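Remarks on the structure that follows.
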Amino acid sequence: MKFTLKTKGHYHFIDITSQVERAVENSQIKEGVVLVFVRGSTAAVTTMEFEQGLIEDIKGALEKIAPEAGNYKHHLKWGDKNGAAHIKSSLIGTDLSIPIEEGKLGLGTWQQIVLIDFDEKEREREIIVKIIKE
Amino acid sequence: MKFTLKTKGHYHFIDITSQVERAVENSQIKEGVVLVFVRGSTAAVTTMEFEQGLIEDIKGALEKIAPEAGNYKHHLKWGDKNGAAHIKSSLIGTDLSIPIEEGKLGLGTWQQIVLIDFDEKEREREIIVKIIKE
Amino acid sequence: MKFTLKTKGHYHFIDITSQVERAVENSQIKEGVVLVFVRGSTAAVTTMEFEQGLIEDIKGALEKIAPEAGNYKHHLKWGDKNGAAHIKSSLIGTDLSIPIEEGKLGLGTWQQIVLIDFDEKEREREIIVKIIKE
């Protein structure tokens, strides 16, 4: 199963928990693993408590590692300005695996599945969901 | 299968390799994948050589990214002080997948499975283990 | 399935997409998940656009977090000098899961599977590939 999302880039955080939950319900698999994967090299998938303060905090920490306004050698390749986006995608990762228990996602109460788009422009993102039976 | 651990927070590193090994042995699956997942948004699971010097080194590197004593916007949400813990959980990740080969974990000799609890207080952590046949 | 690679360390980036693609083709599995895992605690597996400028950019960002030339407590354990390599391996991770769709890897056009060897010396690296049917 897969779905697409319109993203704005520049640290666009989107809670995709409900889409993954629905996919798990539809599969009728009670025990297993779900893989959530974003195609591309300037976005990432992770878990977090999805709330605005923490979004700002994560952005602040990542700006220290790879600031959007920095000069990157990657910019010489295509003439775009998304070197920082690539670095953060590789660091956080584009894949996330979550256990399925009794037909439900094995997440914590304050733990959501979140897509982060780091790119410099609007994109249409494809998220692939694969569900494996234990 | 799942198990719980009492954690102290503040960079509490716990080697959970033996619990995962036992789960793999009990499953009698010879070739496959095991997913290790910590429920929650202030802890992480990764691999490392589990030794005290390296624990200090990883702590040092992570303090540069998200110092425990920092001021975080997330603190305004609930009045707690674990913003740094959330950031590190999202960055390192709460999931880890390891191959199973001939009934054994496909780890290196100096590679252990480690839970890191970043929270500011004691917790009871739930670790979920899912084993999938190739 | 597994394969080995000679690595030079010191941020040696190797594109391993073709080896994983071949393994997926040979499996004849059309829908599922492939796990790519590097054995060891001083290397990592991630995805990125594999091009020289970005390799330099990722190296630059990681040097800020854990510089190769730094002093690490881990060096007291074995007398070697690869503390920074261990930190980066734990941070980026040794595992990567990718969806298989219609018999192909579900990667983006500019998204390759990359092994990064951070160690201080030449190694023979073992990469384990496990393929699971949906």
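Scheme for the structure tokens: letters A, B, ... for chains in order shown; per-chain residue numbers from 1; ligand numbers from 1 in order shown.
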
So which bits of chain C end up strand (DSSP E) when you DSSP the backbone, as number ranges by chain? C: 2-7, 12-15, 32-38, 43-48, 95-101, 104-105, 112-117, 123-133

Counting only C-alpha atoms, which residues of chain A sit at most 6 Å from some atom of chain B, and what is each one's closest atom pair with its distance in Å to one decimal, listed by chain and rising residue number, as JSON lines?
{"residue": "A:Thr46", "atom": "CA", "partner": "B:Ser90", "partner_atom": "CA", "distance": 5.9}
{"residue": "A:Thr47", "atom": "CA", "partner": "B:Ser90", "partner_atom": "CA", "distance": 5.7}
{"residue": "A:Met48", "atom": "CA", "partner": "B:Ser41", "partner_atom": "CA", "distance": 5.5}
{"residue": "A:Gly53", "atom": "CA", "partner": "B:His74", "partner_atom": "CA", "distance": 4.4}
{"residue": "A:Leu54", "atom": "CA", "partner": "B:His74", "partner_atom": "CA", "distance": 4.8}
{"residue": "A:Ile58", "atom": "CA", "partner": "B:Ile87", "partner_atom": "CA", "distance": 5.6}
{"residue": "A:Ala61", "atom": "CA", "partner": "B:Ile65", "partner_atom": "CA", "distance": 5.8}
{"residue": "A:Ile92", "atom": "CA", "partner": "B:Leu91", "partner_atom": "CA", "distance": 5.6}
{"residue": "A:Leu107", "atom": "CA", "partner": "B:Arg39", "partner_atom": "CA", "distance": 5.4}
{"residue": "A:Gly108", "atom": "CA", "partner": "B:Gly40", "partner_atom": "CA", "distance": 4.4}
{"residue": "A:Gln111", "atom": "CA", "partner": "B:Ser41", "partner_atom": "CA", "distance": 5.5}
{"residue": "A:Glu134", "atom": "CA", "partner": "B:Ile132", "partner_atom": "CA", "distance": 5.0}

To one decimal place, how far is atom CA of A:Lys81 from atom CA of A:Leu5 in Å?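 Taking atom CA of A:Lys81 as the start and atom CA of A:Leu5 as the end point, the length is 22.0 Å.
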
Write out as a list in words each polymer residue whose atoms come within 7 Å of A:Glu120, counting only C-alpha atoms; drop sequence neighbours fewer than 6 positions from it.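 Once the nearby chain positions are removed, what remains is Gly9, His10, Lys81 and Asn82 of chain A.
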
Per-residue DSSP, chain B, filtered to helix (DSSP H, G or I), as JSON, numbers by chain: {"B": [17, 18, 19, 20, 21, 22, 23, 24, 25, 26, 27, 52, 53, 54, 55, 56, 57, 58, 59, 60, 61, 62, 63, 64, 65, 75, 76, 77, 78, 83, 84, 85, 86, 87, 88, 89, 90, 91, 92]}

Please provide the set of residues having any atom within 6 Å of stretch 103-106 of chain A, restricted to only C-alpha atoms, with same-chain residues fewer than 3 positions apart removed, written as number ranges by chain. A: 29-30, 99-100
